[in-house]
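Asks: Data file start15.cif (mmCIF, C-alpha atoms) is appended below.
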data_final
#
loop_
_atom_site.label_atom_id
_atom_site.label_comp_id
_atom_site.auth_asym_id
_atom_site.auth_seq_id
_atom_site.Cartn_x
_atom_site.Cartn_y
_atom_site.Cartn_z
CA ILE A 1 0.00 0.00 0.00
CA GLY A 2 1.44 3.30 -1.03
CA SER A 3 1.82 6.21 1.19
CA GLY A 4 -1.10 8.55 1.69
CA LYS A 5 -4.17 9.12 3.87
CA TYR A 6 -6.82 6.48 4.39
CA GLU A 7 -10.31 6.71 5.96
CA LEU A 8 -11.52 3.72 8.00
CA LYS A 9 -15.26 3.31 8.25
CA MET A 10 -16.88 0.92 10.77
CA SER A 11 -20.47 0.42 12.01
CA PHE A 12 -21.77 -1.09 15.25
CA THR A 13 -25.24 -2.20 16.40
CA PHE A 14 -26.06 -1.79 20.13
CA PRO A 15 -28.88 -3.73 21.78
CA ALA A 16 -31.89 -1.61 22.75
CA THR A 17 -32.23 -0.68 26.43
CA PRO A 18 -35.14 -2.72 27.84
CA ALA A 19 -38.10 -0.65 29.07
CA ALA A 20 -38.61 -0.56 32.82
CA PRO A 21 -41.47 -2.87 33.88
CA GLU A 22 -44.73 -1.16 34.74
CA PRO A 23 -45.34 -1.02 38.53
CA THR A 24 -48.10 -3.14 39.97
CA VAL A 25 -51.07 -0.99 40.89
CA ILE A 26 -52.63 -1.69 44.28
CA THR A 27 -56.34 -0.82 44.54
CA GLU A 28 -57.09 -2.05 48.06
CA ILE A 29 -55.03 -1.77 51.25
CA ASN A 30 -55.73 -2.69 54.86
CA ALA A 31 -54.32 -2.60 58.34
CA THR A 32 -55.23 -3.81 61.80
CA VAL A 33 -54.34 -1.78 64.88
CA THR A 34 -54.87 -2.47 68.56
CA GLU A 35 -58.20 -0.81 69.34
CA PRO A 36 -58.29 1.64 72.24
CA VAL A 37 -59.38 0.34 75.63
CA ALA A 38 -60.23 2.67 78.50
CA GLY A 39 -57.38 2.82 81.00
CA GLU A 40 -54.76 1.51 78.58
CA ALA A 41 -52.04 3.44 76.76
CA PRO A 42 -52.03 3.79 72.95
CA SER A 43 -50.34 0.96 71.09
CA ASN A 44 -48.39 1.14 67.83
CA VAL A 45 -48.78 -2.55 67.15
CA ILE A 46 -50.07 -2.94 63.60
CA SER A 47 -50.36 -5.60 60.90
CA THR A 48 -51.74 -6.09 57.41
CA SER A 49 -52.94 -9.00 55.33
CA GLY A 50 -52.02 -7.21 52.10
CA THR A 51 -48.83 -7.47 50.03
CA GLY A 52 -46.75 -4.93 48.14
CA TYR A 53 -46.69 -2.35 50.92
CA THR A 54 -45.82 -1.79 54.56
CA VAL A 55 -47.89 -0.18 57.29
CA SER A 56 -47.11 1.75 60.46
CA VAL A 57 -48.99 3.77 63.06
CA LEU A 58 -48.15 7.42 62.50
CA LYS A 59 -49.92 8.81 65.58
CA TRP A 60 -52.94 8.67 67.89
CA LEU A 61 -54.97 11.85 68.39
CA VAL A 62 -57.92 13.01 70.49
CA SER A 63 -60.65 14.02 68.08
CA GLY A 64 -61.25 17.75 68.27
CA ASN A 65 -58.12 18.31 70.38
CA PRO A 66 -55.10 17.07 68.42
CA THR A 67 -52.59 18.70 70.79
CA GLU A 68 -53.86 16.78 73.84
CA THR A 69 -51.36 14.25 75.15
CA ILE A 70 -52.73 10.74 75.42
CA THR A 71 -51.29 8.78 78.32
CA GLU A 72 -54.26 6.45 78.50
CA PHE A 73 -57.58 6.15 76.73
CA LYS A 74 -60.63 7.51 78.53
CA GLN A 75 -64.32 6.71 78.20
CA GLY A 76 -66.52 9.31 76.61
CA LYS A 77 -63.92 10.44 74.06
CA ASN A 78 -63.23 9.84 70.36
CA TYR A 79 -59.76 8.89 69.21
CA GLU A 80 -58.21 9.03 65.73
CA VAL A 81 -55.45 6.79 64.53
CA GLN A 82 -53.35 7.76 61.51
CA VAL A 83 -51.86 4.84 59.59
CA LYS A 84 -49.13 5.31 56.97
CA PHE A 85 -49.06 2.99 53.96
CA VAL A 86 -45.77 2.82 51.98
CA PRO A 87 -45.65 0.94 48.65
CA ASP A 88 -42.78 -1.49 48.07
CA ASN A 89 -40.48 -1.14 45.05
CA GLY A 90 -42.39 -2.05 41.92
CA TYR A 91 -45.77 -1.14 43.42
CA VAL A 92 -47.89 1.98 43.42
CA PHE A 93 -51.19 2.83 45.00
CA ALA A 94 -54.07 3.66 42.73
CA ASP A 95 -55.29 7.25 42.99
CA ASP A 96 -58.60 5.95 44.28
CA VAL A 97 -57.14 3.18 46.42
CA THR A 98 -59.58 1.85 49.02
CA ALA A 99 -58.25 1.63 52.58
CA LYS A 100 -59.68 -0.21 55.54
CA ILE A 101 -58.42 -0.09 59.10
CA ASN A 102 -59.84 -2.72 61.43
CA ASP A 103 -62.38 -3.52 58.69
CA LYS A 104 -63.69 0.05 58.73
CA ASN A 105 -63.52 2.40 55.76
CA ALA A 106 -60.62 4.79 56.32
CA PHE A 107 -60.24 8.32 55.01
CA LEU A 108 -57.19 9.79 53.25
CA CYS A 109 -55.61 12.59 55.25
CA MET A 110 -52.13 12.92 53.70
CA GLU A 111 -50.16 11.68 50.68
CA ASN A 112 -46.67 12.09 49.21
CA SER A 113 -46.68 12.28 45.43
CA VAL A 114 -42.93 11.58 45.28
CA THR A 115 -42.74 8.46 47.44
CA GLY A 116 -46.31 7.34 46.84
CA GLU A 117 -46.97 7.11 50.59
CA LYS A 118 -50.55 7.60 51.76
CA THR A 119 -51.82 8.18 55.28
CA PHE A 120 -55.36 7.18 56.22
CA VAL A 121 -57.32 7.79 59.40
CA ILE A 122 -60.28 6.26 61.24
CA VAL A 123 -62.03 7.25 64.47
CA PHE A 124 -62.68 5.03 67.48
CA THR A 125 -65.38 5.98 70.00
CA LEU A 126 -65.14 5.00 73.65
CA PRO A 127 -68.68 5.49 74.93
CA LEU A 128 -69.42 6.27 78.54
CA PRO A 129 -70.41 3.16 80.52
CA GLU A 130 -74.10 2.46 80.96
CA PHE A 131 -75.58 1.33 84.26
CA ASN A 132 -78.78 -0.65 84.85
CA VAL A 133 -82.06 0.77 86.13
CA THR A 134 -84.38 -1.86 87.63
CA VAL A 135 -87.91 -0.88 88.66
CA THR A 136 -90.53 -2.85 90.60
CA ASN A 137 -94.18 -1.75 90.44
CA GLY A 138 -93.38 0.95 87.93
CA THR A 139 -91.46 2.02 84.85
CA ALA A 140 -88.33 4.04 84.11
CA SER A 141 -87.62 6.27 81.13
CA ALA A 142 -84.52 4.12 80.46
CA SER A 143 -83.43 0.63 81.47
CA LYS A 144 -79.77 1.67 81.07
CA ALA A 145 -78.23 5.12 81.40
CA THR A 146 -74.87 6.85 81.51
CA GLU A 147 -73.70 8.89 84.49
CA GLY A 148 -75.43 12.27 84.66
CA THR A 149 -78.50 11.22 82.66
CA THR A 150 -81.88 12.20 84.12
CA VAL A 151 -84.08 9.13 84.60
CA THR A 152 -87.82 9.47 85.24
CA LEU A 153 -89.73 6.96 87.37
CA THR A 154 -93.48 6.40 87.13
CA ALA A 155 -95.36 4.17 89.58
CA ASN A 156 -97.97 1.70 88.39
CA THR A 157 -101.62 2.27 89.22
CA ALA A 158 -102.21 1.30 92.83
CA PRO A 159 -103.96 -2.05 93.44
CA ALA A 160 -107.55 -2.02 94.72
CA GLY A 161 -107.73 -0.65 98.23
CA LYS A 162 -104.24 0.84 98.04
CA VAL A 163 -102.71 4.20 97.27
CA PHE A 164 -99.16 5.09 96.30
CA ASP A 165 -96.96 5.61 99.35
CA LYS A 166 -93.37 6.29 98.31
CA TRP A 167 -90.37 5.20 96.26
CA VAL A 168 -87.74 3.01 97.88
CA VAL A 169 -84.56 3.54 95.88
CA SER A 170 -81.10 2.01 96.18
CA GLY A 171 -78.09 3.57 94.49
CA ALA A 172 -79.50 7.04 93.82
CA THR A 173 -81.46 9.88 95.39
CA VAL A 174 -84.83 10.68 93.84
CA GLU A 175 -86.11 14.24 93.61
CA ASN A 176 -89.44 13.54 95.36
CA PRO A 177 -89.86 10.05 96.84
CA THR A 178 -93.55 10.58 97.68
CA SER A 179 -94.55 11.56 94.12
CA VAL A 180 -96.02 8.99 91.73
CA THR A 181 -93.75 10.43 89.04
CA THR A 182 -90.27 11.53 90.02
CA SER A 183 -86.73 11.53 88.69
CA PHE A 184 -83.10 11.12 89.64
CA GLU A 185 -79.69 11.80 88.15
CA MET A 186 -77.95 8.58 87.14
CA PRO A 187 -74.82 7.89 89.21
CA ALA A 188 -71.91 5.71 88.16
CA ASN A 189 -73.60 2.56 89.45
CA ASP A 190 -76.73 0.43 89.02
CA VAL A 191 -79.98 1.70 90.53
CA THR A 192 -82.99 -0.24 91.83
CA ALA A 193 -86.32 1.43 92.57
CA GLU A 194 -89.58 0.08 93.99
CA ALA A 195 -92.92 1.84 94.16
CA THR A 196 -94.59 0.97 97.46
CA TYR A 197 -98.24 1.30 98.42
CA LYS A 198 -100.25 1.70 101.60
CA ASN A 199 -103.86 1.01 102.54
CA ALA A 200 -106.29 3.57 101.24
CA VAL A 201 -108.48 5.06 103.95
CA TYR A 202 -112.11 5.63 102.99
CA ASN A 203 -114.64 7.81 104.81
CA ILE A 204 -117.86 6.53 106.39
CA ALA A 205 -120.82 8.89 106.74
CA VAL A 206 -124.05 7.89 108.45
CA VAL A 207 -127.33 9.78 108.44
CA ASN A 208 -129.80 8.99 111.24
CA GLY A 209 -127.39 6.60 112.84
CA THR A 210 -123.89 5.84 113.99
CA ALA A 211 -120.96 3.75 112.72
CA SER A 212 -118.32 1.86 114.63
CA ALA A 213 -115.71 3.95 112.78
CA SER A 214 -115.65 7.17 110.81
CA ALA A 215 -113.23 5.70 108.27
CA GLY A 216 -111.84 2.34 107.29
CA ILE A 217 -109.60 0.43 104.94
CA MET A 218 -110.53 -2.25 102.47
CA GLY A 219 -111.59 -5.40 104.31
CA ASP A 220 -112.62 -3.71 107.57
CA THR A 221 -115.97 -4.79 109.09
CA ILE A 222 -118.07 -1.80 110.07
CA THR A 223 -121.20 -1.86 112.25
CA ILE A 224 -123.90 0.72 111.73
CA THR A 225 -126.80 1.36 114.12
CA ALA A 226 -129.93 3.36 113.39
CA ASN A 227 -131.00 6.07 115.80
CA GLN A 228 -134.25 5.85 117.76
CA ILE A 229 -136.55 8.65 116.55
CA ASP A 230 -139.77 9.46 118.34
CA GLY A 231 -142.83 8.90 116.22
CA LYS A 232 -140.85 6.91 113.69
CA VAL A 233 -140.16 3.24 113.13
CA PHE A 234 -137.00 2.03 111.41
CA SER A 235 -137.60 0.72 107.91
CA HIS A 236 -134.28 -0.06 106.18
CA TRP A 237 -130.81 1.13 105.27
CA GLU A 238 -129.89 2.86 102.01
CA VAL A 239 -126.15 2.47 101.47
CA ASN A 240 -123.75 3.66 98.76
CA GLY A 241 -120.25 2.23 98.43
CA ALA A 242 -120.87 -1.05 100.22
CA THR A 243 -123.40 -3.83 100.73
CA VAL A 244 -124.86 -4.35 104.20
CA SER A 245 -125.41 -7.82 105.53
CA ASP A 246 -129.07 -7.05 106.38
CA ALA A 247 -130.56 -3.84 105.07
CA ASN A 248 -133.70 -4.33 107.17
CA ALA A 249 -131.89 -4.69 110.48
CA LYS A 250 -131.61 -1.68 112.74
CA GLU A 251 -128.06 -2.75 113.50
CA THR A 252 -126.12 -4.36 110.69
CA THR A 253 -122.63 -4.60 109.22
CA PHE A 254 -120.78 -4.20 105.95
CA THR A 255 -117.26 -4.85 104.70
CA MET A 256 -115.30 -1.85 103.46
CA GLY A 257 -114.42 -1.92 99.80
CA ASN A 258 -112.33 0.56 97.87
CA ALA A 259 -114.66 3.55 98.09
CA ASP A 260 -116.18 5.96 100.57
CA VAL A 261 -119.42 4.74 102.15
CA THR A 262 -122.59 6.68 102.94
CA ALA A 263 -125.45 5.06 104.85
CA GLU A 264 -128.82 6.47 105.74
CA ALA A 265 -131.39 4.94 108.05
CA ILE A 266 -134.87 5.24 106.54
CA TYR A 267 -137.97 5.43 108.74
CA ASP A 268 -141.71 5.10 108.41
CA ASP A 269 -144.19 7.01 110.43
CA CYS A 270 -145.19 5.19 113.54
CA GLU A 271 -148.87 4.19 113.62
CA CYS A 272 -149.13 4.15 117.39
CA ASN A 273 -152.30 4.40 119.55
#
For the structure just supplied, provide its representation as C-alpha cells.

Replies:
Amino acid sequence: IGSGKYELKMSFTFPATPAAPEPTVITEINATVTEPVAGEAPSNVISTSGTGYTVSVLKWLVSGNPTETITEFKQGKNYEVQVKFVPDNGYVFADDVTAKINDKNAFLCMENSVTGEKTFVIVFTLPLPEFNVTVTNGTASASKATEGTTVTLTANTAPAGKVFDKWVVSGATVENPTSVTTSFEMPANDVTAEATYKNAVYNIAVVNGTASASAGIMGDTITITANQIDGKVFSHWEVNGATVSDANAKETTFTMGNADVTAEAIYDDCECN
C-alpha cells in the first residue's frame, strides 16, 4: 500500500435498552391496629394482610383536640389513629385506592406524590359506661343510662284498696320520693327502685245513725246502728259504696271496699195508739 491518507469506516449495532417494567397498581389496602381500651395506653402494634406495601402507626390523636397528650384512653372520648401505607419497590397505590383499618372504611388525610406514601385515618369511639335501672311496680324512662343522665320513674296504678306511698330507691337519690312520678340523676352505678303502696283510707258517713268507725280500709268490718226517733219506726238502710249484711236490720254490718261509704237509716211514720 502506497503512502497517503486512508479513511476507516466501521459500524456497530447496540442492543436496545429494555423498558422498565410497569409497577403493579394496588387498589385495596388494609391494616389492623390495637383498638383503644379505657385505662390503657395507645399501642403502635399494627399488621396487614395485604402485600406490596408496609404499614405503620403514625400517631394517635384526640378528636377535636389534636394537641392533647394521650397517656391512657378515657371513656366518653373519640380517638383518631393515623396509619401510613408505603408501597414497596415495583408497586404503586391507585389514585382511588380503598383503605380499611380494622375492617372500617378509612379516610385519606395525607399523601406524598414523590414516594407514593398515603396516610389514612379512622375514628374510634369510647362510649361512657351504661348502668342498669331496675324498677318494681313501675317504669323508668330508660333501662340503662350513663352517668349524669336524668331518669324518670313512674309508679304503676295502685292495686284495689291501696294508694301510692313512696319510692324506695337504692343507688341514687330521687327528687321527690312521695310523688307517683319523680326523677333522679344517674350515678356511676346500678340503681334499683320500687314503688310501694299503703292502705287507702275511705270515709264513712251515716245519716240517722252511727258507725263503729268514721273511716276504714278495704276489708274492715263496720257496724252501723240506726237512731231511735220518736214517732218513727226504722224501715231499712240505704247504702252507697258497700253492701250491708241485712238492710232491714236496725243494727247491721258491711265490709269496706275501695270507696267511701254513705249510709242512711230510713224510717216510716209510727202508727201508734

Asks: List as a ChimeraX atom specification the protein and nucleic acid residues near Val135 of chain A, meaning an atom at most 8 Å away when only C-alpha atoms are counted, but skip any in the same chain fewer than 4 places from it.

Replies: /A:139-140,192-195

Asks: Could you list, as a VMD selection string, every residue within 7 Å of segment 29-44 of chain A, counting all atoms listed in the file and ignoring same-chain residues fewer than 5 positions away?

Replies: chain A and resid 49 to 50 55 57 71 to 75 98 to 102

Asks: Take the point (-131.8, -2.3, 112.5) in the file's coordinates, draw a sphere of radius 9 Å around it, and report as a PDB file with C-alpha atoms, in the coordinates of the input every protein, DNA or RNA residue with an atom inside or on it, counting all atoms listed in the file.

Replies:
ATOM      1  CA  ILE A 224    -123.900   0.720 111.730  1.00  0.00           C
ATOM      2  CA  THR A 225    -126.800   1.360 114.120  1.00  0.00           C
ATOM      3  CA  ALA A 226    -129.930   3.360 113.390  1.00  0.00           C
ATOM      4  CA  PHE A 234    -137.000   2.030 111.410  1.00  0.00           C
ATOM      5  CA  SER A 235    -137.600   0.720 107.910  1.00  0.00           C
ATOM      6  CA  HIS A 236    -134.280  -0.060 106.180  1.00  0.00           C
ATOM      7  CA  TRP A 237    -130.810   1.130 105.270  1.00  0.00           C
ATOM      8  CA  ASP A 246    -129.070  -7.050 106.380  1.00  0.00           C
ATOM      9  CA  ALA A 247    -130.560  -3.840 105.070  1.00  0.00           C
ATOM     10  CA  ASN A 248    -133.700  -4.330 107.170  1.00  0.00           C
ATOM     11  CA  ALA A 249    -131.890  -4.690 110.480  1.00  0.00           C
ATOM     12  CA  LYS A 250    -131.610  -1.680 112.740  1.00  0.00           C
ATOM     13  CA  GLU A 251    -128.060  -2.750 113.500  1.00  0.00           C
ATOM     14  CA  THR A 252    -126.120  -4.360 110.690  1.00  0.00           C
ATOM     15  CA  ALA A 265    -131.390   4.940 108.050  1.00  0.00           C
TER      16      ALA A 265
END

Asks: Pull the neighbourhood of (-76.5, 0.5, 90.2) for me: all residues within 8 Å in file coordinates, counting only C-alpha atoms, as a list in words.

Replies: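 Every residue inside that radius is included here: Phe131, Asn132, Val133, Ser170, Gly171, Pro187, Ala188, Asn189, Asp190, Val191 and Thr192 of chain A.
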
Asks: Just checking: using only C-alpha atoms, which residue out of A:Lys118, A:Lys232, A:Lys162, A:Lys104 ends up closest to Pro87 of chain A?

Replies: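 The closest residue to Pro87 of chain A is A:Lys118.
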
Asks: Nearest residue to Asp103 of chain A out of A:Val163, A:Glu271, A:Met186, A:Ile122, using only C-alpha atoms?

Replies: A:Ile122

Asks: May I ask for the distance between atom CA of Asp230 of chain A and atom CA of Val244 of chain A, given in Å to one decimal place?

Replies: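 One can read the atom CA of Asp230 of chain A to atom CA of Val244 of chain A distance as 24.8 Å.
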
Asks: Between A:Cys270, A:Val123, A:Ile46, A:Val180, which residue has the minimum interatomic distance to Phe164 of chain A, considering all atoms listed in the file?

Replies: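 Closest candidate: A:Val180.
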
Asks: With all atoms listed in the file as the basis for distance, which of A:Val206, A:Val114, A:Val201, A:Ile229 is at the shortest distance from Gly161 of chain A?

Replies: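 Nearest to Gly161 of chain A: A:Val201.
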
Asks: In Å, with one decimal, what is the gap from atom CA of Gly241 of chain A to atom CA of Val261 of chain A?

Replies: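 The value is 4.6 Å.
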
Asks: Expressed in Å to a single decimal, how great is the separation between atom CA of Thr181 of chain A and atom CA of Pro127 of chain A?

Replies: 29.2 Å

Asks: Can you pull out the residues contacting Thr27 of chain A? Cut-off 10 Å, using only C-alpha atoms, and skip same-chain residues under 2 positions away; I want them as a ChimeraX atom specification.

Replies: /A:24-25,29,92-99

Asks: I need the output of the PyMOL selection byres ((chain A and resi 263) around 6) for this file as a ChimeraX atom specification; which residues are they?

Replies: /A:206,238-239,262,264

Asks: For the residues in the current selection, export C-alpha atoms as a PDB file, in the coordinates of the input.

Replies:
ATOM      1  CA  VAL A 206    -124.050   7.890 108.450  1.00  0.00           C
ATOM      2  CA  GLU A 238    -129.890   2.860 102.010  1.00  0.00           C
ATOM      3  CA  VAL A 239    -126.150   2.470 101.470  1.00  0.00           C
ATOM      4  CA  THR A 262    -122.590   6.680 102.940  1.00  0.00           C
ATOM      5  CA  GLU A 264    -128.820   6.470 105.740  1.00  0.00           C
TER       6      GLU A 264
END

Asks: Given the PyMOL selection byres ((chain A and resi 217) around 8) and the file above, list the residues it selects as a PyMOL selection string.

Replies: chain A and resi 161+199-202+215-216+218-220+256-258

Asks: Please evaluate the PyMOL selection byres ((chain A and resi 185) around 9) against the structure above and give the resulting residues as a PyMOL selection string.

Replies: chain A and resi 147-152+172-175+183-184+186-187

Asks: Kindly export the residues of the current selection with C-alpha atoms, as a compact mmCIF listing (two decimals), in the coordinates of the input.

Replies:
# COMPACT_ATOMS: atom_id res chain seq x y z
CA GLU A 147 -73.70 8.89 84.49
CA GLY A 148 -75.43 12.27 84.66
CA THR A 149 -78.50 11.22 82.66
CA THR A 150 -81.88 12.20 84.12
CA VAL A 151 -84.08 9.13 84.60
CA THR A 152 -87.82 9.47 85.24
CA ALA A 172 -79.50 7.04 93.82
CA THR A 173 -81.46 9.88 95.39
CA VAL A 174 -84.83 10.68 93.84
CA GLU A 175 -86.11 14.24 93.61
CA SER A 183 -86.73 11.53 88.69
CA PHE A 184 -83.10 11.12 89.64
CA MET A 186 -77.95 8.58 87.14
CA PRO A 187 -74.82 7.89 89.21

Asks: Which residue gives the smallest distance to Tyr53 of chain A among A:Pro21, A:Gly116, A:Pro66, A:Gly76, with only C-alpha atoms counted?

Replies: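 Result for the nearest residue to Tyr53 of chain A: A:Gly116.
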
Asks: Using all atoms listed in the file, find the one residue out of A:Asn105, A:Leu61, A:Thr157, A:Gly90 that sits nearest to Lys77 of chain A.

Replies: A:Leu61
